[in-house]
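First the structure, in the form of structure tokens, and then the observations on it.
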Amino acid sequence: MKIAIASGKGGTGKTTLAVNLASFIQNILPKQNEEVVLIDLDVEEPNAGLFISGELIHKEEQFRLVPQWIEGKCTFCDKCQSLCQFNAIAQLPKTLLIYPELCHSCFACSELCPEQALPMVNRKIGILNHYNVHYDFASQSDFSFIESILQIGEPSAVPLIKKTKEYTRDAFHINCIKIFDCPPGTSCPVIEAVKDADFTILVTEPTPFGLHDLKLAVETMKKLDKRFGVVINRDGIGNEGVEEYCSNENIQILAKIPNDKKIAEQYSRGELIYKKSNEFRLQLEAIQNYINTVLSFCSPG
Ligand code: SF4
Ligand code: SF4
């Protein structure tokens with residue numbers, strides 16, 4: 001089961017919800033013999049790790065393939081420059097320039113170069129860390145936490161998000177529960193993060209700004225034909241616009257997390273909120289129950 005936690009804009013409490021939900025579900029799972037994996041896919045600015053600590057059990061560099069020019073083999077036929085759809089190759093009278101930042105690793109130039117002068121080579125795009133998180137010593141309920149950090153200067157987060165999901169697919173049992181903490185917004189990294197999720201939780205605030213960005217996120221989900229629901233964070237501020245919109249659009253509101261000073265204080269200390277806030281815990285239970293119901297017919301993966 002794959003649950004994506006996304007939002008139309010940053011700062012809505014998406015990561016707070018992802019971290020708490022992962023720990024909460026793991027705490028109630030041991031009897032069912034399943035495993036929770038929290039995956040921070042906000043690779044440009046991963047911050048779930050600020051709220052959890054654990055034992056680093058695996059670390060690996062991540063790469064993507066880009067062409068490398070072999071000058072001695074090249075006949076300056078211009079084929080590669082003309083076929084690259086991303087303007088990542090420029091042929092000059094006496095040299096060939098490759099812009100790896102623009103390359104989409106499609107292999108076309110490498111495959112079609114008549115002289116085999118463009119072999120594909122690895123380019124580092126980031127680092128992946130895999131932690132075992134010890135949260136509840138009483139129930140022995142550890143969970144896994146994966147974060148990837150994009151290499152500085154790397155222009156696109158999409159390849160690293162893809163690689164991170166591949167890692168989790170290979171490293172964990174098919175029946176595990178994966179919680180994706182997605183990048184904010186509605187651009188390509190978000191689409192890559194949510195595209196194979198079974199269910200997406202859109203976190204928003206009950207304000208005009210929150211509503212504006214929620215509408216964009218909802219449009220994205222509809223275009224992707226994804227199942228989704230909404231969680232309202234900081235309920236009590238702003239106005240009724242988000243609730244009215246969800247009601248009119250027939251969108252399920254899964255939970256409303258109150259705007260509570262104690263929750264904010266726990267957040268600022270990097271603590272798990274549901275451990276001390278009954279209200280927060282009740283909201284997590286509501287989310288978990290809803291997801292269980294919706295996904296009871298879902299195939300694992
Ligand atoms: S396709 Fe190959 S031979 Fe032709 S210009 Fe490009 S690298 Fe050189
Ligand atoms: S691999 Fe594809 S995108 Fe990259 S330089 Fe070659 S043709 Fe362009």
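Within each chain, counting starts at residue 1; across the structure tokens, chains are named A, B, ... in the order shown, with ligands numbered 1 upward in that order.
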Taking only residues of chain A that have an atom at most 7 Å from an atom of ligand 2, what is each one's shortest atom pair and its distance in Å to one decimal, using only C-alpha atoms and all ligand atoms, in chain and number order, as JSON lines?
{"residue": "A:Val66", "atom": "CA", "partner": "ligand 2", "partner_atom_place_in_ligand_line": "1 (S)", "distance": 5.8}
{"residue": "A:Pro67", "atom": "CA", "partner": "ligand 2", "partner_atom_place_in_ligand_line": "1 (S)", "distance": 6.0}
{"residue": "A:Cys80", "atom": "CA", "partner": "ligand 2", "partner_atom_place_in_ligand_line": "7 (S)", "distance": 6.5}
{"residue": "A:Leu83", "atom": "CA", "partner": "ligand 2", "partner_atom_place_in_ligand_line": "7 (S)", "distance": 6.3}
{"residue": "A:Cys84", "atom": "CA", "partner": "ligand 2", "partner_atom_place_in_ligand_line": "7 (S)", "distance": 3.9}
{"residue": "A:Gln85", "atom": "CA", "partner": "ligand 2", "partner_atom_place_in_ligand_line": "8 (Fe)", "distance": 6.1}
{"residue": "A:Phe86", "atom": "CA", "partner": "ligand 2", "partner_atom_place_in_ligand_line": "3 (S)", "distance": 5.6}
{"residue": "A:Asn87", "atom": "CA", "partner": "ligand 2", "partner_atom_place_in_ligand_line": "8 (Fe)", "distance": 6.6}
{"residue": "A:Ala88", "atom": "CA", "partner": "ligand 2", "partner_atom_place_in_ligand_line": "5 (S)", "distance": 4.8}
{"residue": "A:Ile89", "atom": "CA", "partner": "ligand 2", "partner_atom_place_in_ligand_line": "5 (S)", "distance": 5.7}
{"residue": "A:Ile98", "atom": "CA", "partner": "ligand 2", "partner_atom_place_in_ligand_line": "5 (S)", "distance": 6.7}
{"residue": "A:Leu102", "atom": "CA", "partner": "ligand 2", "partner_atom_place_in_ligand_line": "3 (S)", "distance": 6.9}
{"residue": "A:Cys103", "atom": "CA", "partner": "ligand 2", "partner_atom_place_in_ligand_line": "4 (Fe)", "distance": 3.7}
{"residue": "A:His104", "atom": "CA", "partner": "ligand 2", "partner_atom_place_in_ligand_line": "3 (S)", "distance": 4.1}
{"residue": "A:Ser105", "atom": "CA", "partner": "ligand 2", "partner_atom_place_in_ligand_line": "1 (S)", "distance": 4.1}
{"residue": "A:Cys106", "atom": "CA", "partner": "ligand 2", "partner_atom_place_in_ligand_line": "2 (Fe)", "distance": 3.9}
{"residue": "A:Phe107", "atom": "CA", "partner": "ligand 2", "partner_atom_place_in_ligand_line": "1 (S)", "distance": 4.0}
{"residue": "A:Ala108", "atom": "CA", "partner": "ligand 2", "partner_atom_place_in_ligand_line": "7 (S)", "distance": 4.5}
{"residue": "A:Cys109", "atom": "CA", "partner": "ligand 2", "partner_atom_place_in_ligand_line": "6 (Fe)", "distance": 4.2}
{"residue": "A:Ser110", "atom": "CA", "partner": "ligand 2", "partner_atom_place_in_ligand_line": "6 (Fe)", "distance": 6.1}
Just C-alpha atoms for this one: save the residues we selected as a compact mmCIF listing (two decimals), in the first residue's frame.
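What ended up in out-v1.txt:
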# COMPACT_ATOMS: atom_id res chain seq x y z
CA VAL A 66 24.35 10.96 -19.44
CA PRO A 67 26.43 10.80 -22.65
CA CYS A 80 23.28 13.89 -32.15
CA LEU A 83 18.02 14.58 -32.65
CA CYS A 84 18.35 15.73 -29.04
CA GLN A 85 14.94 17.16 -28.14
CA PHE A 86 16.29 18.89 -25.06
CA ASN A 87 19.10 20.97 -26.62
CA ALA A 88 21.60 19.16 -24.45
CA ILE A 89 24.16 18.85 -27.27
CA ILE A 98 27.22 18.30 -23.80
CA LEU A 102 19.62 19.52 -19.77
CA CYS A 103 20.00 15.85 -20.66
CA HIS A 104 16.96 13.65 -19.94
CA SER A 105 18.94 10.40 -20.21
CA CYS A 106 16.87 9.18 -23.15
CA PHE A 107 19.86 7.34 -24.73
CA ALA A 108 18.89 8.49 -28.25
CA CYS A 109 22.19 10.19 -29.08
CA SER A 110 24.21 7.34 -27.62
Notebook entry, point to check: Quick one: residues within 12 Å of Val37 (chain A), only C-alpha atoms counted, chain neighbours fewer than 2 positions away excluded, as a PyMOL selection string?
Noted result: chain A and resi 1-4+18-19+21-26+34-35+39-40+130-133+141-147+165+167-169+171-181
Note to self: According to DSSP computed on the backbone, where in region 87-299 of chain A is there strand (DSSP E or B)? Give the residues as number ranges by chain.
What the structure shows: A: 89-91, 96-98, 120-136, 141-150, 177-181, 199-204, 228-235, 237, 253-258
Once you count only C-alpha atoms and all ligand atoms, what closest atom pair and distance in Å to one decimal does each residue of chain A within 12 Å of ligand 1 have, with rows by chain and rising residue number, as JSON lines?
{"residue": "A:Pro67", "atom": "CA", "partner": "ligand 1", "partner_atom_place_in_ligand_line": "7 (S)", "distance": 9.3}
{"residue": "A:Gln68", "atom": "CA", "partner": "ligand 1", "partner_atom_place_in_ligand_line": "7 (S)", "distance": 8.9}
{"residue": "A:Trp69", "atom": "CA", "partner": "ligand 1", "partner_atom_place_in_ligand_line": "7 (S)", "distance": 6.2}
{"residue": "A:Ile70", "atom": "CA", "partner": "ligand 1", "partner_atom_place_in_ligand_line": "7 (S)", "distance": 7.3}
{"residue": "A:Glu71", "atom": "CA", "partner": "ligand 1", "partner_atom_place_in_ligand_line": "8 (Fe)", "distance": 7.7}
{"residue": "A:Gly72", "atom": "CA", "partner": "ligand 1", "partner_atom_place_in_ligand_line": "8 (Fe)", "distance": 9.3}
{"residue": "A:Lys73", "atom": "CA", "partner": "ligand 1", "partner_atom_place_in_ligand_line": "3 (S)", "distance": 6.8}
{"residue": "A:Cys74", "atom": "CA", "partner": "ligand 1", "partner_atom_place_in_ligand_line": "8 (Fe)", "distance": 3.8}
{"residue": "A:Thr75", "atom": "CA", "partner": "ligand 1", "partner_atom_place_in_ligand_line": "3 (S)", "distance": 4.6}
{"residue": "A:Phe76", "atom": "CA", "partner": "ligand 1", "partner_atom_place_in_ligand_line": "5 (S)", "distance": 3.8}
{"residue": "A:Cys77", "atom": "CA", "partner": "ligand 1", "partner_atom_place_in_ligand_line": "4 (Fe)", "distance": 4.0}
{"residue": "A:Asp78", "atom": "CA", "partner": "ligand 1", "partner_atom_place_in_ligand_line": "5 (S)", "distance": 4.3}
{"residue": "A:Lys79", "atom": "CA", "partner": "ligand 1", "partner_atom_place_in_ligand_line": "1 (S)", "distance": 4.4}
{"residue": "A:Cys80", "atom": "CA", "partner": "ligand 1", "partner_atom_place_in_ligand_line": "1 (S)", "distance": 4.2}
{"residue": "A:Gln81", "atom": "CA", "partner": "ligand 1", "partner_atom_place_in_ligand_line": "6 (Fe)", "distance": 6.5}
{"residue": "A:Ser82", "atom": "CA", "partner": "ligand 1", "partner_atom_place_in_ligand_line": "1 (S)", "distance": 8.9}
{"residue": "A:Leu83", "atom": "CA", "partner": "ligand 1", "partner_atom_place_in_ligand_line": "1 (S)", "distance": 9.0}
{"residue": "A:Cys84", "atom": "CA", "partner": "ligand 1", "partner_atom_place_in_ligand_line": "6 (Fe)", "distance": 10.1}
{"residue": "A:Ala88", "atom": "CA", "partner": "ligand 1", "partner_atom_place_in_ligand_line": "6 (Fe)", "distance": 11.7}
{"residue": "A:Ile89", "atom": "CA", "partner": "ligand 1", "partner_atom_place_in_ligand_line": "6 (Fe)", "distance": 8.4}
{"residue": "A:Ala90", "atom": "CA", "partner": "ligand 1", "partner_atom_place_in_ligand_line": "5 (S)", "distance": 9.2}
{"residue": "A:Gln91", "atom": "CA", "partner": "ligand 1", "partner_atom_place_in_ligand_line": "5 (S)", "distance": 6.9}
{"residue": "A:Leu92", "atom": "CA", "partner": "ligand 1", "partner_atom_place_in_ligand_line": "5 (S)", "distance": 9.6}
{"residue": "A:Pro93", "atom": "CA", "partner": "ligand 1", "partner_atom_place_in_ligand_line": "5 (S)", "distance": 10.4}
{"residue": "A:Lys94", "atom": "CA", "partner": "ligand 1", "partner_atom_place_in_ligand_line": "5 (S)", "distance": 10.5}
{"residue": "A:Thr95", "atom": "CA", "partner": "ligand 1", "partner_atom_place_in_ligand_line": "5 (S)", "distance": 9.0}
{"residue": "A:Leu96", "atom": "CA", "partner": "ligand 1", "partner_atom_place_in_ligand_line": "5 (S)", "distance": 7.2}
{"residue": "A:Leu97", "atom": "CA", "partner": "ligand 1", "partner_atom_place_in_ligand_line": "7 (S)", "distance": 9.8}
{"residue": "A:Ile98", "atom": "CA", "partner": "ligand 1", "partner_atom_place_in_ligand_line": "7 (S)", "distance": 9.9}
{"residue": "A:Phe107", "atom": "CA", "partner": "ligand 1", "partner_atom_place_in_ligand_line": "1 (S)", "distance": 11.9}
{"residue": "A:Ala108", "atom": "CA", "partner": "ligand 1", "partner_atom_place_in_ligand_line": "1 (S)", "distance": 9.8}
{"residue": "A:Cys109", "atom": "CA", "partner": "ligand 1", "partner_atom_place_in_ligand_line": "1 (S)", "distance": 6.4}
{"residue": "A:Ser110", "atom": "CA", "partner": "ligand 1", "partner_atom_place_in_ligand_line": "2 (Fe)", "distance": 7.6}
{"residue": "A:Glu111", "atom": "CA", "partner": "ligand 1", "partner_atom_place_in_ligand_line": "1 (S)", "distance": 9.1}
{"residue": "A:Leu112", "atom": "CA", "partner": "ligand 1", "partner_atom_place_in_ligand_line": "1 (S)", "distance": 6.7}
{"residue": "A:Cys113", "atom": "CA", "partner": "ligand 1", "partner_atom_place_in_ligand_line": "1 (S)", "distance": 3.9}
{"residue": "A:Pro114", "atom": "CA", "partner": "ligand 1", "partner_atom_place_in_ligand_line": "2 (Fe)", "distance": 5.8}
{"residue": "A:Glu115", "atom": "CA", "partner": "ligand 1", "partner_atom_place_in_ligand_line": "3 (S)", "distance": 5.2}
{"residue": "A:Gln116", "atom": "CA", "partner": "ligand 1", "partner_atom_place_in_ligand_line": "2 (Fe)", "distance": 6.3}
{"residue": "A:Ala117", "atom": "CA", "partner": "ligand 1", "partner_atom_place_in_ligand_line": "7 (S)", "distance": 4.8}
{"residue": "A:Leu118", "atom": "CA", "partner": "ligand 1", "partner_atom_place_in_ligand_line": "7 (S)", "distance": 5.5}
{"residue": "A:Pro119", "atom": "CA", "partner": "ligand 1", "partner_atom_place_in_ligand_line": "7 (S)", "distance": 9.3}
{"residue": "A:Met120", "atom": "CA", "partner": "ligand 1", "partner_atom_place_in_ligand_line": "7 (S)", "distance": 11.7}
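Taking CA of Glu192 (chain A) as the reference point, CA of Val158 (chain A) is found at 6.4 Å.
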Check: Which is closer to Val121 (chain A) than all the others in A:Val242, A:Leu150, A:Met221, A:Leu65, using only C-alpha atoms?
Finding: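 Comparing A:Val242, A:Leu150, A:Met221, A:Leu65 against Val121 (chain A), the winner is A:Leu65.
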Next item on the list: Considering only C-alpha atoms, return as a list of chain:residue names whatever protein or nucleic-acid residues lie within 6 Å of region 222-232 of chain A, sequence-local ones (same chain, fewer than 6 positions apart) excluded.
Entry: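 What passes the distance filter is A:Phe199, A:Thr200, A:Ile201, A:Leu202, A:Val203, A:Thr204, A:Glu205, A:Gln252, A:Ile253, A:Leu254, A:Ala255, A:Lys256.
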Margin query: When DSSP is applied to the backbone of this structure, which of region 15-206 of chain A are assigned alpha helix (DSSP H)? Write them out as an MDAnalysis selection string.
Written below: chainID A and resid 15:28 79:83 108:112 158:171 188:194
Can I get the selection written as an mmCIF file, in the first residue's frame, with C-alpha atoms?
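To be explicit, this is the file written out as again.cif:
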data_model
loop_
_atom_site.group_PDB
_atom_site.id
_atom_site.type_symbol
_atom_site.label_atom_id
_atom_site.label_comp_id
_atom_site.auth_asym_id
_atom_site.auth_seq_id
_atom_site.Cartn_x
_atom_site.Cartn_y
_atom_site.Cartn_z
ATOM 1 C CA THR A 15 5.732 16.525 6.809
ATOM 2 C CA THR A 16 4.325 16.700 10.347
ATOM 3 C CA LEU A 17 1.402 14.574 9.248
ATOM 4 C CA ALA A 18 3.620 12.124 7.328
ATOM 5 C CA VAL A 19 5.980 11.522 10.249
ATOM 6 C CA ASN A 20 3.214 11.170 12.832
ATOM 7 C CA LEU A 21 1.102 8.941 10.609
ATOM 8 C CA ALA A 22 4.056 6.622 9.922
ATOM 9 C CA SER A 23 4.855 6.238 13.606
ATOM 10 C CA PHE A 24 1.197 5.958 14.588
ATOM 11 C CA ILE A 25 0.434 3.230 12.051
ATOM 12 C CA GLN A 26 3.593 1.313 12.950
ATOM 13 C CA ASN A 27 2.572 1.410 16.604
ATOM 14 C CA ILE A 28 -0.697 -0.303 15.908
ATOM 15 C CA LYS A 79 23.268 13.717 -35.957
ATOM 16 C CA CYS A 80 23.280 13.886 -32.153
ATOM 17 C CA GLN A 81 22.726 17.641 -31.996
ATOM 18 C CA SER A 82 19.769 17.455 -34.368
ATOM 19 C CA LEU A 83 18.022 14.582 -32.654
ATOM 20 C CA ALA A 108 18.892 8.495 -28.249
ATOM 21 C CA CYS A 109 22.187 10.189 -29.078
ATOM 22 C CA SER A 110 24.209 7.340 -27.623
ATOM 23 C CA GLU A 111 22.250 4.655 -29.465
ATOM 24 C CA LEU A 112 22.139 6.472 -32.799
ATOM 25 C CA VAL A 158 12.482 13.844 -10.839
ATOM 26 C CA PRO A 159 15.285 11.297 -11.538
ATOM 27 C CA LEU A 160 16.224 11.125 -7.848
ATOM 28 C CA ILE A 161 12.589 10.692 -6.776
ATOM 29 C CA LYS A 162 12.296 7.877 -9.305
ATOM 30 C CA LYS A 163 15.502 6.231 -8.022
ATOM 31 C CA THR A 164 14.346 6.536 -4.419
ATOM 32 C CA LYS A 165 11.078 4.783 -5.192
ATOM 33 C CA GLU A 166 12.987 2.064 -7.047
ATOM 34 C CA TYR A 167 15.159 1.530 -3.969
ATOM 35 C CA THR A 168 12.128 1.131 -1.705
ATOM 36 C CA ARG A 169 10.490 -1.232 -4.175
ATOM 37 C CA ASP A 170 13.528 -3.524 -4.048
ATOM 38 C CA ALA A 171 14.343 -3.148 -0.336
ATOM 39 C CA CYS A 188 6.808 17.416 -12.243
ATOM 40 C CA PRO A 189 8.437 16.256 -8.940
ATOM 41 C CA VAL A 190 5.006 16.033 -7.296
ATOM 42 C CA ILE A 191 3.578 14.099 -10.203
ATOM 43 C CA GLU A 192 6.492 11.668 -10.100
ATOM 44 C CA ALA A 193 6.000 11.269 -6.344
ATOM 45 C CA VAL A 194 2.235 10.592 -6.392
#
Margin query: Ranking A:Gln283, A:Asp42, A:His134, A:Gly126 by minimum distance to Asn233 (chain A) and counting only C-alpha atoms, which one comes first?
Written below: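 Closest to Asn233 (chain A) of all the choices is A:Gln283.
Of the listed residues A:Cys182, A:Ile152, A:Leu214, A:Leu272, the one whose atoms come nearest to Glu243 (chain A) is A:Leu214, with distances taken using only C-alpha atoms.
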Checklist line | Of the listed residues A:Tyr267, A:Phe209, A:Tyr274, A:Phe63, that which approaches Gly241 (chain A) most closely, counting only C-alpha atoms | finding: A:Phe209
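Residues within 6 Å of region 60-62 of chain A, counting only C-alpha atoms and excluding same-chain residues fewer than 5 positions away, are Lys124, Ile125, Gly126, Ile127 and Leu128 of chain A.
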Deliver the residues from the most recent selection as a file, using N, CA, C and O atoms, as a CSV table (one decimal), in the first residue's frame.
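Listed below is the output, result.csv:
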chain,number,residue,atom,x,y,z
A,124,LYS,N,26.4,11.7,-10.8
A,124,LYS,CA,25.8,11.7,-9.5
A,124,LYS,C,24.7,12.7,-9.3
A,124,LYS,O,24.9,13.9,-9.7
A,125,ILE,N,23.6,12.3,-8.8
A,125,ILE,CA,22.5,13.2,-8.6
A,125,ILE,C,22.1,13.4,-7.2
A,125,ILE,O,21.2,14.2,-6.9
A,126,GLY,N,22.6,12.6,-6.3
A,126,GLY,CA,22.3,12.7,-4.9
A,126,GLY,C,22.7,11.5,-4.1
A,126,GLY,O,23.4,10.7,-4.5
A,127,ILE,N,22.2,11.6,-2.8
A,127,ILE,CA,22.5,10.5,-1.8
A,127,ILE,C,21.2,10.0,-1.2
A,127,ILE,O,20.3,10.8,-1.0
A,128,LEU,N,21.2,8.7,-1.0
A,128,LEU,CA,20.0,8.1,-0.3
A,128,LEU,C,20.5,7.6,1.0
A,128,LEU,O,21.5,6.9,1.1
Item checked: Coordinates-based distance that separates CA of Leu38 (chain A) from CA of Arg269 (chain A) (Å, one decimal) ->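 Distance reported for this atom pair: 20.2 Å.
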Notebook entry, point to check: Residues at most 12 Å from Glu244 (chain A), counting only C-alpha atoms, excluding those fewer than 6 positions away in the same chain, as a ChimeraX atom specification?
Noted result: /A:206-208,211,250-253
Writer output for current selection, N, CA and C atoms, as an mmCIF file, in the first residue's frame:
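Output saved as out-v2.cif:
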data_model
loop_
_atom_site.group_PDB
_atom_site.id
_atom_site.type_symbol
_atom_site.label_atom_id
_atom_site.label_comp_id
_atom_site.auth_asym_id
_atom_site.auth_seq_id
_atom_site.Cartn_x
_atom_site.Cartn_y
_atom_site.Cartn_z
ATOM 1 N N PRO A 206 -7.212 26.222 6.224
ATOM 2 C CA PRO A 206 -8.519 26.830 5.903
ATOM 3 C C PRO A 206 -8.401 28.341 5.668
ATOM 4 N N THR A 207 -7.607 28.712 4.705
ATOM 5 C CA THR A 207 -7.411 30.127 4.375
ATOM 6 C C THR A 207 -7.587 30.304 2.868
ATOM 7 N N PRO A 208 -7.761 31.538 2.395
ATOM 8 C CA PRO A 208 -7.870 31.743 0.938
ATOM 9 C C PRO A 208 -6.636 31.232 0.187
ATOM 10 N N LEU A 211 -6.880 27.481 0.098
ATOM 11 C CA LEU A 211 -7.912 27.052 -0.849
ATOM 12 C C LEU A 211 -7.407 27.166 -2.290
ATOM 13 N N ASN A 250 -17.636 17.370 -3.617
ATOM 14 C CA ASN A 250 -17.775 15.999 -3.117
ATOM 15 C C ASN A 250 -16.425 15.362 -2.773
ATOM 16 N N ILE A 251 -15.579 16.153 -2.135
ATOM 17 C CA ILE A 251 -14.248 15.669 -1.730
ATOM 18 C C ILE A 251 -14.298 15.344 -0.238
ATOM 19 N N GLN A 252 -13.829 14.152 0.094
ATOM 20 C CA GLN A 252 -13.860 13.716 1.487
ATOM 21 C C GLN A 252 -12.837 14.484 2.332
ATOM 22 N N ILE A 253 -13.294 15.083 3.439
ATOM 23 C CA ILE A 253 -12.353 15.653 4.428
ATOM 24 C C ILE A 253 -12.073 14.553 5.443
#
Margin query: I'd like to know which of A:Arg234, A:Arg281, A:Lys276, A:Arg123 is closest to Pro258 (chain A), using only C-alpha atoms.
Written below: A:Arg234
Item checked: Contact residues around Gly8 (chain A) with only C-alpha atoms at 7 Å, ignoring same-chain residues under 5 positions, as number ranges by chain -> A: 184-186, 213-214, 216-217
